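S.K.: Please read through the structure below; I'll follow up with questions.
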Amino acid sequence: MLRLFQLRYVVLLPTLFLVFCTSTVLANTATLKKCQVTLVDKAYQEILFYYFQQDFYQALTHFEILQQACPDALKDITNPGVDPRLLKGGISLAYGLDEQAAGIFERLLEQVAEPKTQTQAWLLLGKSLFQKQQYALASQVLGNITLDSANEFLEQSDKDQWIYLQSQLFNWQQDQPDGKAADNSYWLSALSEDSIYRHYVGYNQGLAQLQSGQYQQAVATLEQLGLSKTSFFSELLQGWLSPLNKVDQSELDALRDRANLTIGYAHLQNQQALKAINAFDRVRLGSLDTDSAMLGYGWAAAQREEYQIALSAWQRLQKVPRSNEYVMESFLASAYAFEKAFAPTQAIDNLQRGLNRFATESQLIRTHLLNINDNFFLTLAQQQDWSAEVPAHLSAVMLSKTFRNQMVWLQESQQIQQQLAQWQGRLDTFSLMLDERQQETILRAQKLKENDLLAKLADYKAMRDQLEALLAQAPQSPRILNQEQELDWQQRLQGAQQSHADIIQKRQQLDQKPLNPNYAQRLSRLAGIMIWNAAENFAKRRWQAQKSLNELDKLIAQTTAQQNRLKARLVQQPEYAQQRARIANLQQTLNQQKQQNLKLQRQQLAALNQLFETKLNEQLSQLDSYKLQAQLAIVRLNDRAFRKAQADKQGGRK
Amino acid sequence: MNLPKLCVLFLTFCLPFSTAVLAQDDGQPLSVAKQLQQLKRQVIALNRDLFVLEEDLLFPSSTQVVVYLSMDVGTYFKLDSVELKVDDEVVTQYLYTDRQVDALYRGGVQRLHIGNLPQGEHQISAFFIGLGPEEREYKRAASFTFNKDADAKALELKITDSSSKQQPEFTVVEL
């Protein structure tokens, strides 16, 4: 007989089934509340996390993700510090997307009237234009910032950068037809004491003074840098003790060498040979400017007619294993000194050595010209520090800014290639993943059919109908609605009644006297109590049972609807069409970008080949020019020697 | 030979020393630079789309759980590592570099974990290891019980400085 506890069990099963069905549907209909303020804030702070680590690629990608999901999100960010659009422009600039950065700043300047944001945007826009080598526009844009507005609205480091850019643009402004001497008096005084730009600005100011004919002031400015010394401890500790000192010591040393070189040549031009010698002497031997300084040192000594000293510098220069214009010119310069020191034979010997050296260099360059191909540049670009091992005869071209720029582009293009290859792998994985999911869904559907899970609802319906029928009989037999405890008592009473009947029968068989009637009376009383209890609780229990049955009806109705939907989905093949379409679109974009990148790489390689050829041919022309000068000098010296010999001969005859 | 004059003129006026040289060397093809910029922008857009697709495929919103980590200025705690457990299972162990810690101090927030969880009640536990007040080794844990529903769930592990207690505080909040 079915009991009410069985009814509860029957209710539980469809409920679980219902949960299974509804969760599947809910998973597909749930929407992400990505644009809630708190989540937008987190997304922005995540961008900051990448930005502060200088991972600009990830920072920009997350900016794009945020803006795609919530186009107006950047306005809603709470306490962003700086305008998020300004930050995006700054990151774009740092990542080398000058065009994008300029666009952002221009839009910002149109939309935002707040002077602080405007000043910051002017600075960043000026910087992006400067990087794009649009100096006229950069100069104009940065000119919108005054010293007062820089003091008020820019942080000290940004103000320092603004002054640095001004100092960089100064020389360009001076070279323009309508170039006016801009005020550069505040540069050094407005810079912070520990600014990383102080030395650069100092050098540029000195150079600017030199260009405007202020020789004495220029030397004084440059000497502030040129005469500064690295302390023993700084040299020993290499900045270890002062992590706040951001200027790299080697960079500072190089700048100091360049300042001394400039001072030296300025003195030389103003006939101050002794001062020039002192300045050249301060350039370190292992510096980038050593060769130039040695050549200048020789010329300064020659100006003082100290040809021995000049020759010792130039002869030393001839022996260095480099092949730049200073080394080549030292052969001609040495010949000049020998000639001035009345040693024409040594002058000719020296010129002859020069001719040999020019020929060797020309041969090396010609050989290299024949061997230049795309692989050379591609292999070079794969080495991070390729500039550390540049052959001497190629140093002029390979260390030029144009070549280095193009190599940077080639390296970026190779990085893009790697990135695209990586994404190709991931796209393939996504496709495989969808295939696997499709298989899994088909298998799950098969299992559902095998387990006959969907047919179980019909069984449950039948059970429910049985329960309803049972409930209908309850008025005649209220004990149907008994609880577990009462059922237990009922069972025990029935057991006792059975035992009582057995005992009476056994006693009769054994001719014993009948059992005390008390037992039968007690059993009858207990049965009566139970009937009375059942009758007493009947109405309440019937109402509860009916209520449960109604709830069950509702659940069965809902489950039937869900089951119908599930059946409909099982009939359909799991295609993942939408996801596959997205993958296909991305694959198409990926292929286009691969093609575009390859095309760009080919262009860059062609440009590099052409640049190399042009530069090496220029070097060859230069060497030819040196050769011609040396040959002419030899002819002239030989001619002079011949004339002198003739004159001596004629004098002897007389 | 007129070399001295030539050298002086050449070296004095043709060598402005700077981190960025003003002179455009010899007609370098700016169009390549522009094309490269354009391509870089496209690659970023592609990266965005792939990132979103990956997230949609691997972590659908109905099961997605994201855990962020943020830090105060770090007066009382310098973070070394974090171990994250979801329902007693280790899902992330992360060691921090100085640069990452600095990015957190400056207001950055790290997405420490993204995963899938079925709907219902779950428990998250985070174990923080680092240097506490007076540079002593410091290890603390924080737990949180949450209910995963049909929407994506976002939680944040917060390390804050409590100046009243002179101690760091570790909390988990639901976003």
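Ligands are numbered from 1 in the order shown, chains are lettered A, B, ... in the order of the structure tokens, and residues start at 1 in each chain.
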Extract, using only C-alpha atoms, all DNA, RNA and protein residues at most 9 Å from B:Arg41, discarding same-chain residues fewer than 5 positions from it, and format them as a list in words.
M.R.: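 So the residues in contact are Leu97 and Gln100 of chain A; Leu36 and Leu46 of chain B.
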S.K.: Check chain B with DSSP on the backbone and list each residue it calls helix (DSSP H, G or I), as a PyMOL selection string.
M.R.: chain B and resi 3-13+30-58+98-105+133-135
S.K.: Taking only C-alpha atoms into account, what are the residues of chain B at most 6 Å from chain A, put as number ranges by chain?
M.R.: B: 8, 12, 37, 44, 48, 62, 103, 108-110, 150-151
S.K.: Would you compute the distance between atom CA of A:Met530 and atom CA of A:Gln490? Give it in Å to one decimal.
M.R.: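 Between these atoms lies a distance of 7.7 Å.
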S.K.: Would you kindly return, as a list in words, each protein, DNA or RNA residue with an atom no farther than 12 Å from any atom of A:Ile529, considering only C-alpha atoms and excluding same-chain residues fewer than 4 positions away?
M.R.: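 What passes the distance filter is Glu486, Trp489, Gln490, Leu493, Arg522, Leu523, Ser524, Arg525, Asn533, Ala534, Ala535 and Glu536 of chain A.
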S.K.: Write out as JSON, numbers by chain each polymer residue whose atoms come within 12 Å of B:Asn147, counting only C-alpha atoms; drop sequence neighbours fewer than 3 positions from it.
M.R.: {"B": [63, 65, 117, 118, 119, 120, 121, 122, 123, 124, 144, 150, 151, 152, 153, 154, 155, 174]}
S.K.: Those residues you just picked out, can you put them in a file as a PDB file, in the first residue's frame with N, CA, C and O atoms?
M.R.:
ATOM      1  N   THR B  63      28.765  29.975 -15.348  1.00  0.00           N
ATOM      2  CA  THR B  63      29.631  29.239 -14.414  1.00  0.00           C
ATOM      3  C   THR B  63      30.870  30.054 -14.019  1.00  0.00           C
ATOM      4  O   THR B  63      31.673  29.593 -13.229  1.00  0.00           O
ATOM      5  N   VAL B  65      33.596  32.406 -12.442  1.00  0.00           N
ATOM      6  CA  VAL B  65      33.949  33.039 -11.163  1.00  0.00           C
ATOM      7  C   VAL B  65      35.307  33.708 -11.342  1.00  0.00           C
ATOM      8  O   VAL B  65      36.260  33.075 -11.789  1.00  0.00           O
ATOM      9  N   LEU B 117      32.481  27.353 -11.883  1.00  0.00           N
ATOM     10  CA  LEU B 117      31.892  26.689 -10.712  1.00  0.00           C
ATOM     11  C   LEU B 117      30.406  26.462 -10.978  1.00  0.00           C
ATOM     12  O   LEU B 117      29.756  27.317 -11.571  1.00  0.00           O
ATOM     13  N   PRO B 118      29.886  25.319 -10.515  1.00  0.00           N
ATOM     14  CA  PRO B 118      28.437  25.112 -10.686  1.00  0.00           C
ATOM     15  C   PRO B 118      27.661  26.020  -9.729  1.00  0.00           C
ATOM     16  O   PRO B 118      28.225  26.525  -8.757  1.00  0.00           O
ATOM     17  N   GLN B 119      26.392  26.191  -9.990  1.00  0.00           N
ATOM     18  CA  GLN B 119      25.583  27.047  -9.113  1.00  0.00           C
ATOM     19  C   GLN B 119      25.421  26.395  -7.748  1.00  0.00           C
ATOM     20  O   GLN B 119      25.377  25.180  -7.635  1.00  0.00           O
ATOM     21  N   GLY B 120      25.404  27.238  -6.736  1.00  0.00           N
ATOM     22  CA  GLY B 120      25.269  26.736  -5.372  1.00  0.00           C
ATOM     23  C   GLY B 120      26.251  27.409  -4.448  1.00  0.00           C
ATOM     24  O   GLY B 120      26.885  28.398  -4.814  1.00  0.00           O
ATOM     25  N   GLU B 121      26.387  26.848  -3.252  1.00  0.00           N
ATOM     26  CA  GLU B 121      27.249  27.467  -2.252  1.00  0.00           C
ATOM     27  C   GLU B 121      28.687  26.970  -2.387  1.00  0.00           C
ATOM     28  O   GLU B 121      28.921  25.768  -2.593  1.00  0.00           O
ATOM     29  N   HIS B 122      29.627  27.901  -2.280  1.00  0.00           N
ATOM     30  CA  HIS B 122      31.051  27.540  -2.393  1.00  0.00           C
ATOM     31  C   HIS B 122      31.853  28.312  -1.368  1.00  0.00           C
ATOM     32  O   HIS B 122      31.407  29.363  -0.883  1.00  0.00           O
ATOM     33  N   GLN B 123      33.049  27.795  -1.114  1.00  0.00           N
ATOM     34  CA  GLN B 123      33.917  28.507  -0.180  1.00  0.00           C
ATOM     35  C   GLN B 123      35.255  28.818  -0.855  1.00  0.00           C
ATOM     36  O   GLN B 123      35.816  27.980  -1.559  1.00  0.00           O
ATOM     37  N   ILE B 124      35.708  30.042  -0.617  1.00  0.00           N
ATOM     38  CA  ILE B 124      36.999  30.450  -1.173  1.00  0.00           C
ATOM     39  C   ILE B 124      37.927  30.741   0.006  1.00  0.00           C
ATOM     40  O   ILE B 124      37.508  31.363   0.989  1.00  0.00           O
ATOM     41  N   PHE B 144      35.833  32.909   2.687  1.00  0.00           N
ATOM     42  CA  PHE B 144      34.557  33.545   2.357  1.00  0.00           C
ATOM     43  C   PHE B 144      33.651  32.505   1.707  1.00  0.00           C
ATOM     44  O   PHE B 144      34.102  31.725   0.856  1.00  0.00           O
ATOM     45  N   ALA B 150      23.172  32.199 -11.515  1.00  0.00           N
ATOM     46  CA  ALA B 150      23.302  32.073 -12.979  1.00  0.00           C
ATOM     47  C   ALA B 150      24.184  33.156 -13.598  1.00  0.00           C
ATOM     48  O   ALA B 150      24.635  33.027 -14.734  1.00  0.00           O
ATOM     49  N   ASP B 151      24.461  34.249 -12.846  1.00  0.00           N
ATOM     50  CA  ASP B 151      25.318  35.324 -13.374  1.00  0.00           C
ATOM     51  C   ASP B 151      26.780  35.069 -13.014  1.00  0.00           C
ATOM     52  O   ASP B 151      27.067  34.348 -12.070  1.00  0.00           O
ATOM     53  N   ALA B 152      27.657  35.717 -13.769  1.00  0.00           N
ATOM     54  CA  ALA B 152      29.086  35.606 -13.452  1.00  0.00           C
ATOM     55  C   ALA B 152      29.324  36.192 -12.071  1.00  0.00           C
ATOM     56  O   ALA B 152      28.692  37.169 -11.682  1.00  0.00           O
ATOM     57  N   LYS B 153      30.237  35.583 -11.338  1.00  0.00           N
ATOM     58  CA  LYS B 153      30.506  36.047  -9.975  1.00  0.00           C
ATOM     59  C   LYS B 153      31.900  36.665  -9.925  1.00  0.00           C
ATOM     60  O   LYS B 153      32.846  36.117 -10.490  1.00  0.00           O
ATOM     61  N   ALA B 154      31.997  37.803  -9.260  1.00  0.00           N
ATOM     62  CA  ALA B 154      33.310  38.451  -9.092  1.00  0.00           C
ATOM     63  C   ALA B 154      33.575  38.681  -7.617  1.00  0.00           C
ATOM     64  O   ALA B 154      32.715  39.200  -6.898  1.00  0.00           O
ATOM     65  N   LEU B 155      34.759  38.279  -7.183  1.00  0.00           N
ATOM     66  CA  LEU B 155      35.156  38.458  -5.783  1.00  0.00           C
ATOM     67  C   LEU B 155      36.471  39.226  -5.748  1.00  0.00           C
ATOM     68  O   LEU B 155      37.217  39.214  -6.718  1.00  0.00           O
ATOM     69  N   GLU B 174      32.518  40.466  -2.053  1.00  0.00           N
ATOM     70  CA  GLU B 174      31.809  40.109  -3.282  1.00  0.00           C
ATOM     71  C   GLU B 174      31.553  41.400  -4.048  1.00  0.00           C
ATOM     72  O   GLU B 174      31.118  42.391  -3.457  1.00  0.00           O
TER      73      GLU B 174
END
S.K.: Can you work out the spacing between atom CA of A:Phe153 and atom CA of A:Leu124 in Å, to one decimal?
M.R.: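 About the pair atom CA of A:Phe153 and atom CA of A:Leu124: they are 13.3 Å apart.
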S.K.: Contacts of B:Arg140 at 8 Å or less, counting only C-alpha atoms, minus same-chain residues fewer than 6 places along, as a ChimeraX atom specification?
M.R.: /B:127-129,170
S.K.: Keeping only C-alpha atoms, write the selected residues to a file as a compact mmCIF listing (two decimals), in the first residue's frame.
M.R.:
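File produced: selection_12.txt:
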# COMPACT_ATOMS: atom_id res chain seq x y z
CA PHE B 127 46.61 32.30 2.02
CA PHE B 128 48.86 35.34 1.90
CA ILE B 129 52.61 35.09 2.51
CA PHE B 170 42.97 40.58 4.70
S.K.: Enter the distance from atom CA of B:Val86 to atom CA of B:Gly107, in Å, rounded to one decimal.
M.R.: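 For atom CA of B:Val86 relative to atom CA of B:Gly107, the distance reads 25.8 Å.
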